[in-house]
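Next comes protein21.csv, a file with CSV, C-alpha atoms.
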chain,number,residue,atom,x,y,z
A,1,MET,CA,131.6,120.0,116.3
A,2,GLU,CA,132.1,117.3,118.9
A,3,ASP,CA,131.4,114.7,116.3
A,4,GLN,CA,134.0,116.3,114.1
A,5,VAL,CA,136.6,116.2,116.8
A,6,SER,CA,135.9,112.7,118.0
A,7,TYR,CA,135.9,111.3,114.4
A,8,GLY,CA,139.2,112.9,113.6
A,9,GLU,CA,140.7,111.8,116.9
A,10,ALA,CA,139.5,108.2,116.4
A,11,ILE,CA,141.2,108.1,113.1
A,12,GLU,CA,144.3,109.7,114.6
A,13,LYS,CA,144.4,107.0,117.3
A,14,ALA,CA,144.0,104.2,114.9
A,15,SER,CA,146.4,105.5,112.3
A,16,GLY,CA,149.2,103.2,113.6
A,17,SER,CA,147.2,100.2,112.5
A,18,ILE,CA,146.1,101.6,109.2
A,19,THR,CA,147.7,100.1,106.2
A,20,ARG,CA,146.9,99.5,102.5
A,21,PHE,CA,144.3,96.8,103.1
A,22,PRO,CA,144.1,93.8,100.7
A,23,LEU,CA,141.0,92.9,98.7
A,24,ILE,CA,139.0,89.8,99.5
A,25,PRO,CA,136.2,88.6,97.2
A,26,VAL,CA,132.7,88.7,98.6
A,27,ARG,CA,130.3,86.8,96.3
A,28,GLY,CA,132.9,87.5,93.5
A,29,VAL,CA,133.2,91.2,94.3
A,30,PRO,CA,136.6,92.4,95.6
A,31,LEU,CA,136.2,94.4,98.9
A,32,MET,CA,138.8,95.6,101.4
A,33,ASN,CA,139.5,92.9,103.9
A,34,HIS,CA,137.9,94.7,106.9
A,35,ILE,CA,134.6,95.0,104.9
A,36,ALA,CA,134.8,91.3,104.0
A,37,TYR,CA,135.4,90.2,107.6
A,38,ASN,CA,132.3,92.2,108.7
A,39,TRP,CA,130.2,91.2,105.7
A,40,ASP,CA,127.5,89.2,107.6
A,41,ALA,CA,126.6,92.3,109.7
A,42,VAL,CA,126.5,94.5,106.6
A,43,TRP,CA,124.2,92.1,104.7
A,44,ALA,CA,121.9,91.8,107.7
A,45,PHE,CA,121.4,95.5,108.0
A,46,ARG,CA,117.7,96.5,108.1
A,47,PRO,CA,117.1,100.1,107.1
A,48,ASP,CA,114.0,102.1,108.1
A,49,PRO,CA,111.6,102.7,105.2
A,50,SER,CA,112.3,106.4,105.5
A,51,ASP,CA,116.1,106.0,105.0
A,52,LEU,CA,117.6,107.2,101.8
A,53,LEU,CA,120.4,105.3,100.0
A,54,ILE,CA,123.0,107.1,97.9
A,55,ALA,CA,124.9,104.6,95.8
A,56,THR,CA,127.8,105.1,93.5
A,57,TYR,CA,130.9,103.4,92.1
A,58,PRO,CA,133.8,105.0,94.0
A,59,LYS,CA,134.7,108.5,92.7
A,60,ALA,CA,131.5,109.1,90.7
A,61,GLY,CA,130.2,112.2,92.6
A,62,THR,CA,129.2,110.6,95.9
A,63,THR,CA,130.2,113.4,98.2
A,64,TRP,CA,128.7,116.0,95.9
A,65,THR,CA,125.4,114.2,95.9
A,66,GLN,CA,125.5,113.7,99.7
A,67,GLU,CA,126.0,117.5,100.1
A,68,ILE,CA,123.1,118.3,97.7
A,69,VAL,CA,120.8,116.0,99.6
A,70,ASP,CA,121.8,117.3,103.0
A,71,LEU,CA,121.1,120.9,101.9
A,72,LEU,CA,117.8,119.9,100.3
A,73,LEU,CA,116.7,118.2,103.5
A,74,ASN,CA,117.7,121.2,105.6
A,75,ASN,CA,116.2,123.9,103.3
A,76,GLY,CA,119.6,125.1,102.1
A,77,ASP,CA,120.8,126.0,105.6
A,78,ALA,CA,124.6,126.0,105.1
A,79,GLU,CA,125.3,126.2,108.9
A,80,ILE,CA,123.2,123.1,109.8
A,81,CYS,CA,125.1,121.3,107.0
A,82,LYS,CA,128.4,122.2,108.8
A,83,ARG,CA,127.3,120.3,111.9
A,84,ALA,CA,129.7,117.4,111.2
A,85,PRO,CA,131.9,116.0,108.4
A,86,THR,CA,130.2,114.2,105.5
A,87,PRO,CA,130.9,110.6,106.9
A,88,ILE,CA,129.2,111.5,110.1
A,89,ARG,CA,126.2,113.2,108.5
A,90,SER,CA,125.8,110.4,105.9
A,91,PRO,CA,127.5,107.2,107.2
A,92,PHE,CA,129.2,104.8,104.8
A,93,LEU,CA,127.2,101.6,105.2
A,94,GLU,CA,129.9,98.9,104.7
A,95,ILE,CA,133.0,100.7,105.9
A,96,ASN,CA,134.7,99.0,108.8
A,97,SER,CA,138.1,100.3,110.0
A,98,PRO,CA,140.4,99.4,112.9
A,99,PRO,CA,139.1,100.6,116.3
A,100,PRO,CA,138.5,103.1,117.6
A,101,ILE,CA,137.2,104.4,114.3
A,102,PRO,CA,133.4,103.9,114.2
A,103,SER,CA,132.1,101.6,111.5
A,104,GLY,CA,129.3,102.8,109.2
A,105,LEU,CA,127.0,100.4,111.1
A,106,ASP,CA,128.1,101.8,114.5
A,107,LEU,CA,127.3,105.4,113.3
A,108,LEU,CA,123.9,104.3,111.9
A,109,LYS,CA,122.9,102.6,115.2
A,110,LYS,CA,123.3,106.0,116.9
A,111,MET,CA,121.1,107.9,114.4
A,112,ASP,CA,117.4,108.1,114.3
A,113,PRO,CA,115.7,107.7,110.9
A,114,PRO,CA,115.3,109.1,108.4
A,115,ARG,CA,119.0,108.6,107.7
A,116,VAL,CA,121.0,109.3,104.5
A,117,ILE,CA,123.2,106.3,103.9
A,118,LYS,CA,126.1,106.0,101.5
A,119,THR,CA,127.3,102.8,99.8
A,120,HIS,CA,129.7,101.8,97.0
A,121,LEU,CA,128.2,98.2,96.9
A,122,PRO,CA,127.1,96.9,93.6
A,123,PHE,CA,123.4,96.3,93.3
A,124,GLN,CA,123.6,92.5,94.1
A,125,LEU,CA,125.4,93.2,97.4
A,126,VAL,CA,123.1,96.0,98.7
A,127,PRO,CA,121.2,94.6,101.7
A,128,LEU,CA,117.8,93.3,100.7
A,129,GLY,CA,116.1,95.3,103.4
A,130,PHE,CA,116.5,98.5,101.3
A,131,TRP,CA,114.3,97.0,98.5
A,132,GLU,CA,111.9,95.1,100.8
A,133,ASN,CA,111.2,98.3,102.8
A,134,LYS,CA,110.9,100.3,99.5
A,135,CYS,CA,113.6,102.8,100.5
A,136,LYS,CA,114.4,105.6,98.0
A,137,ALA,CA,117.8,105.3,96.4
A,138,ILE,CA,119.8,107.7,94.3
A,139,TYR,CA,122.5,106.3,92.0
A,140,VAL,CA,125.1,108.4,90.4
A,141,ALA,CA,127.1,107.1,87.4
A,142,ARG,CA,130.1,108.7,85.8
A,143,ASN,CA,131.6,107.9,82.4
A,144,ALA,CA,134.2,105.1,82.7
A,145,LYS,CA,137.3,107.0,81.5
A,146,ASP,CA,136.9,110.0,83.9
A,147,ASN,CA,135.8,107.6,86.7
A,148,LEU,CA,139.0,105.5,86.2
A,149,VAL,CA,141.2,108.6,86.3
A,150,SER,CA,139.6,109.9,89.5
A,151,TYR,CA,139.8,106.5,91.1
A,152,TYR,CA,143.5,106.2,90.2
A,153,HIS,CA,144.4,109.5,91.9
A,154,PHE,CA,142.2,108.5,94.9
A,155,ASP,CA,144.0,105.2,95.3
A,156,CYS,CA,147.3,107.0,95.2
A,157,MET,CA,146.4,109.3,98.1
A,158,ASN,CA,144.2,107.0,100.1
A,159,LEU,CA,146.7,105.0,102.0
A,160,THR,CA,144.1,102.4,103.1
A,161,GLN,CA,143.3,101.3,99.5
A,162,PRO,CA,145.4,98.7,97.7
A,163,GLU,CA,148.6,100.1,96.0
A,164,PRO,CA,147.5,101.4,92.6
A,165,GLY,CA,150.8,100.7,90.8
A,166,PRO,CA,151.6,102.5,87.5
A,167,TRP,CA,148.9,104.1,85.4
A,168,GLU,CA,149.2,101.6,82.6
A,169,GLY,CA,148.6,98.7,84.9
A,170,TYR,CA,145.7,100.5,86.6
A,171,VAL,CA,143.9,100.9,83.3
A,172,GLN,CA,144.0,97.1,83.0
A,173,LYS,CA,142.9,96.5,86.5
A,174,PHE,CA,139.9,98.8,86.0
A,175,MET,CA,139.0,96.9,82.8
A,176,ARG,CA,139.2,93.6,84.6
A,177,GLY,CA,137.3,94.8,87.7
A,178,ASP,CA,140.3,94.1,90.0
A,179,LEU,CA,139.7,97.2,92.2
A,180,GLY,CA,137.8,97.8,95.4
A,181,TRP,CA,134.0,97.3,94.8
A,182,GLY,CA,134.7,95.4,91.6
A,183,SER,CA,133.8,96.1,88.0
A,184,TRP,CA,132.6,99.5,87.0
A,185,TYR,CA,130.7,97.9,84.1
A,186,ASP,CA,128.7,95.5,86.3
A,187,HIS,CA,128.1,98.3,88.8
A,188,VAL,CA,126.6,100.9,86.5
A,189,LYS,CA,124.6,98.2,84.6
A,190,GLY,CA,123.3,96.5,87.8
A,191,PHE,CA,121.5,99.7,89.1
A,192,TRP,CA,120.5,100.7,85.5
A,193,GLU,CA,118.6,97.4,85.0
A,194,GLU,CA,116.8,97.7,88.3
A,195,ARG,CA,116.1,101.5,88.3
A,196,GLU,CA,112.4,101.3,87.4
A,197,LYS,CA,111.5,98.2,89.4
A,198,LYS,CA,113.1,99.6,92.5
A,199,ASN,CA,112.3,103.3,92.0
A,200,ILE,CA,116.0,104.3,91.8
A,201,LEU,CA,116.7,107.8,90.7
A,202,TYR,CA,119.6,107.2,88.3
A,203,LEU,CA,121.7,110.4,87.7
A,204,PHE,CA,124.7,111.1,85.5
A,205,TYR,CA,127.7,113.0,86.8
A,206,GLU,CA,128.0,114.7,83.4
A,207,ASP,CA,124.4,116.0,83.6
A,208,MET,CA,125.1,117.4,87.0
A,209,LYS,CA,128.1,119.3,85.7
A,210,GLU,CA,126.3,120.5,82.6
A,211,ASN,CA,123.2,121.8,84.4
A,212,PRO,CA,123.5,121.5,88.2
A,213,ARG,CA,120.2,123.3,88.8
A,214,ARG,CA,118.2,120.9,86.7
A,215,GLU,CA,119.6,117.9,88.5
A,216,VAL,CA,119.2,119.5,92.0
A,217,GLU,CA,115.6,120.0,91.1
A,218,ARG,CA,115.3,116.4,90.0
A,219,ILE,CA,116.6,115.2,93.3
A,220,MET,CA,114.3,117.6,95.1
A,221,ARG,CA,111.2,116.2,93.3
A,222,TYR,CA,112.3,112.7,93.9
A,223,LEU,CA,112.5,113.4,97.7
A,224,ASP,CA,109.0,114.9,97.5
A,225,LEU,CA,110.3,118.3,98.6
A,226,SER,CA,109.4,121.8,97.3
A,227,LEU,CA,111.9,124.5,97.9
A,228,SER,CA,111.9,128.1,96.7
A,229,ASP,CA,113.9,129.2,93.7
A,230,GLU,CA,116.1,131.3,96.1
A,231,VAL,CA,116.9,128.2,98.2
A,232,ILE,CA,117.6,126.1,95.1
A,233,ASN,CA,120.0,128.8,93.7
A,234,ARG,CA,121.8,128.8,97.1
A,235,ILE,CA,122.1,125.0,97.1
A,236,VAL,CA,123.6,125.1,93.5
A,237,GLU,CA,126.1,127.7,94.7
A,238,LEU,CA,127.0,125.9,97.9
A,239,THR,CA,127.6,122.6,96.0
A,240,SER,CA,129.8,124.1,93.3
A,241,PHE,CA,133.2,122.3,93.1
A,242,LYS,CA,135.0,125.5,94.3
A,243,LYS,CA,132.7,125.9,97.4
A,244,MET,CA,132.9,122.3,98.3
A,245,LYS,CA,136.6,122.1,98.0
A,246,GLU,CA,136.8,125.0,100.5
A,247,ASN,CA,134.3,123.4,102.9
A,248,PRO,CA,136.1,121.6,105.7
A,249,MET,CA,132.9,119.6,106.4
A,250,ALA,CA,132.8,118.2,102.8
A,251,ASN,CA,136.4,118.1,101.6
A,252,TYR,CA,137.6,115.3,103.9
A,253,SER,CA,140.3,117.5,105.5
A,254,CYS,CA,139.1,115.8,108.8
A,255,ILE,CA,141.0,112.7,107.7
A,256,PRO,CA,144.7,112.8,108.9
A,257,GLU,CA,147.4,112.9,106.2
A,258,ASN,CA,148.8,109.5,107.1
A,259,VAL,CA,145.4,108.1,105.9
A,260,PHE,CA,144.4,110.6,103.1
A,261,ASP,CA,147.7,112.1,101.9
A,262,GLN,CA,146.2,115.2,100.1
A,263,SER,CA,149.8,116.3,99.2
A,264,ILE,CA,149.8,113.4,96.7
A,265,SER,CA,146.4,114.4,95.3
A,266,PRO,CA,143.5,116.4,96.9
A,267,PHE,CA,140.4,114.4,97.8
A,268,MET,CA,138.6,116.9,95.6
A,269,ARG,CA,140.9,117.0,92.7
A,270,LYS,CA,139.4,118.6,89.5
A,271,GLY,CA,135.7,117.7,89.3
A,272,GLU,CA,135.7,117.9,85.5
A,273,VAL,CA,134.3,116.0,82.6
A,274,GLY,CA,136.9,115.1,80.0
A,275,ASP,CA,140.0,115.1,82.2
A,276,TRP,CA,140.7,111.6,80.9
A,277,THR,CA,142.2,113.2,77.7
A,278,ASN,CA,145.1,114.3,79.9
A,279,HIS,CA,145.9,110.7,81.0
A,280,PHE,CA,145.1,108.2,78.2
A,281,THR,CA,147.5,107.9,75.3
A,282,PRO,CA,145.8,107.4,71.9
A,283,GLU,CA,146.8,103.7,72.1
A,284,GLN,CA,145.3,103.3,75.6
A,285,SER,CA,142.2,105.1,74.5
A,286,LYS,CA,141.6,102.8,71.5
A,287,MET,CA,142.3,99.7,73.6
A,288,PHE,CA,139.9,100.9,76.3
A,289,ASP,CA,137.2,101.8,73.8
A,290,ASP,CA,137.4,98.4,72.1
A,291,ASP,CA,137.1,96.6,75.4
A,292,TYR,CA,134.3,99.0,76.6
A,293,GLU,CA,132.3,98.2,73.5
A,294,LYS,CA,132.5,94.4,74.3
A,295,GLN,CA,131.6,94.9,78.0
A,296,MET,CA,128.8,97.4,77.4
A,297,ARG,CA,127.4,95.7,74.3
A,298,ASP,CA,124.3,94.5,76.1
A,299,SER,CA,123.6,98.0,77.6
A,300,ASN,CA,122.0,101.2,76.4
A,301,ILE,CA,123.2,103.5,79.2
A,302,PRO,CA,123.7,107.0,77.6
A,303,PHE,CA,127.2,107.9,78.9
A,304,ARG,CA,129.1,110.9,77.7
A,305,THR,CA,132.8,111.4,77.8
A,306,ALA,CA,132.6,115.2,77.0
A,307,ILE,CA,130.0,117.9,77.5

Since I need it in another form, could you write the structure as structure tokens?
Amino acid sequence: MEDQVSYGEAIEKASGSITRFPLIPVRGVPLMNHIAYNWDAVWAFRPDPSDLLIATYPKAGTTWTQEIVDLLLNNGDAEICKRAPTPIRSPFLEINSPPPIPSGLDLLKKMDPPRVIKTHLPFQLVPLGFWENKCKAIYVARNAKDNLVSYYHFDCMNLTQPEPGPWEGYVQKFMRGDLGWGSWYDHVKGFWEEREKKNILYLFYEDMKENPRREVERIMRYLDLSLSDEVINRIVELTSFKKMKENPMANYSCIPENVFDQSISPFMRKGEVGDWTNHFTPEQSKMFDDDYEKQMRDSNIPFRTAI
């Protein structure tokens, strides 16, 4: 609880210096300027071999996966998993905000391994120590159209992200990779190509929605855990969209409204597959599909835009 208060208070104190931060390329990938300025420290990070990395493109099911993993590691104990908000329990590796908000690296320094670490970095920017130390990594990929829609709404409500502008222009920015953490296409392909060599558990958001129990069990086996059916059922229930949206330790309600304005769009908005059909016009959909085919021509990743 103390962590929860101090984290919220730190963000409150810093909120006067929080703005929509510009993007600066790091090795060709656009990152928010405060991440770019701290890049050398991020790149030098050395994880413990017992640390677990949860990697995603933004808005692909990150918080959902963090909650599943935390519950699995704590035998489905909901109370233990309410010990602190998600970004304290599972620090965001590269994030670096104005003081006194602790950076991801600051939080990680205070934690004993094994730690669960979140990143949105594309594969080529993940610190090499994760692979050299043979850390386990879970990657979650979401189909491009739904991911785009979710990221658009997030950029509207997250007042530290670059101004999203109108929907039509945002679609173009997504296709060009001109968003924080770069190209969705490069991101999903980078981890896909390395998944076997680096022992990465590659999950799909659509599979998690379609059959959450099956995917929770896949994560459990990957983590070398063995939990009872009763505990697995409880974890599936606790990580349903409805339950997580109501959980103050998972719904980012700890972030003040002048940073995350949840009146514009809730952090946990819909959690659906196929919501893109409510946003793309037929013309936009065709244009996007044509471009998608070109950008994904060299890839066999089995994405689904409906279940």

Length of the CA of Thr19 (chain A) to CA of Ser103 (chain A) vector [Å]: 16.5 Å

Give me, as a PyMOL selection string, all polymer residues having an atom no more than 12 Å from Glu210 (chain A), counting only C-alpha atoms and skipping those fewer than 5 positions away in the same chain. chain A and resi 204-205+215-216+240+271-273+304+306-307

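Residues lying at most 12 Å from (150.8, 114.0, 100.4) in file coordinates, with all atoms listed in the file considered, are His153, Phe154, Cys156, Met157, Asn158, Leu159, Pro256, Glu257, Asn258, Val259, Phe260, Asp261, Gln262, Ser263, Ile264, Ser265, Pro266 and Phe267 of chain A.
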
For the residues selected in the previous step, produce a file with C-alpha atoms as a PDB file, in the coordinates of the input.
ATOM      1  CA  HIS A 153     144.400 109.500  91.900  1.00  0.00           C
ATOM      2  CA  PHE A 154     142.200 108.500  94.900  1.00  0.00           C
ATOM      3  CA  CYS A 156     147.300 107.000  95.200  1.00  0.00           C
ATOM      4  CA  MET A 157     146.400 109.300  98.100  1.00  0.00           C
ATOM      5  CA  ASN A 158     144.200 107.000 100.100  1.00  0.00           C
ATOM      6  CA  LEU A 159     146.700 105.000 102.000  1.00  0.00           C
ATOM      7  CA  PRO A 256     144.700 112.800 108.900  1.00  0.00           C
ATOM      8  CA  GLU A 257     147.400 112.900 106.200  1.00  0.00           C
ATOM      9  CA  ASN A 258     148.800 109.500 107.100  1.00  0.00           C
ATOM     10  CA  VAL A 259     145.400 108.100 105.900  1.00  0.00           C
ATOM     11  CA  PHE A 260     144.400 110.600 103.100  1.00  0.00           C
ATOM     12  CA  ASP A 261     147.700 112.100 101.900  1.00  0.00           C
ATOM     13  CA  GLN A 262     146.200 115.200 100.100  1.00  0.00           C
ATOM     14  CA  SER A 263     149.800 116.300  99.200  1.00  0.00           C
ATOM     15  CA  ILE A 264     149.800 113.400  96.700  1.00  0.00           C
ATOM     16  CA  SER A 265     146.400 114.400  95.300  1.00  0.00           C
ATOM     17  CA  PRO A 266     143.500 116.400  96.900  1.00  0.00           C
ATOM     18  CA  PHE A 267     140.400 114.400  97.800  1.00  0.00           C
TER      19      PHE A 267
END

Quick one: of A:Leu73, A:Leu227, A:Met287, A:Ile301, who's nearest to Arg115 (chain A), counting all atoms listed in the file?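 Going through A:Leu73, A:Leu227, A:Met287, A:Ile301 one by one, the smallest distance to Arg115 (chain A) is for A:Leu73.
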
Interatomic distance, CA of Pro58 (chain A) to CA of Arg269 (chain A) (Å, one decimal):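 Answer for the CA of Pro58 (chain A) to CA of Arg269 (chain A) separation: 14.0 Å.
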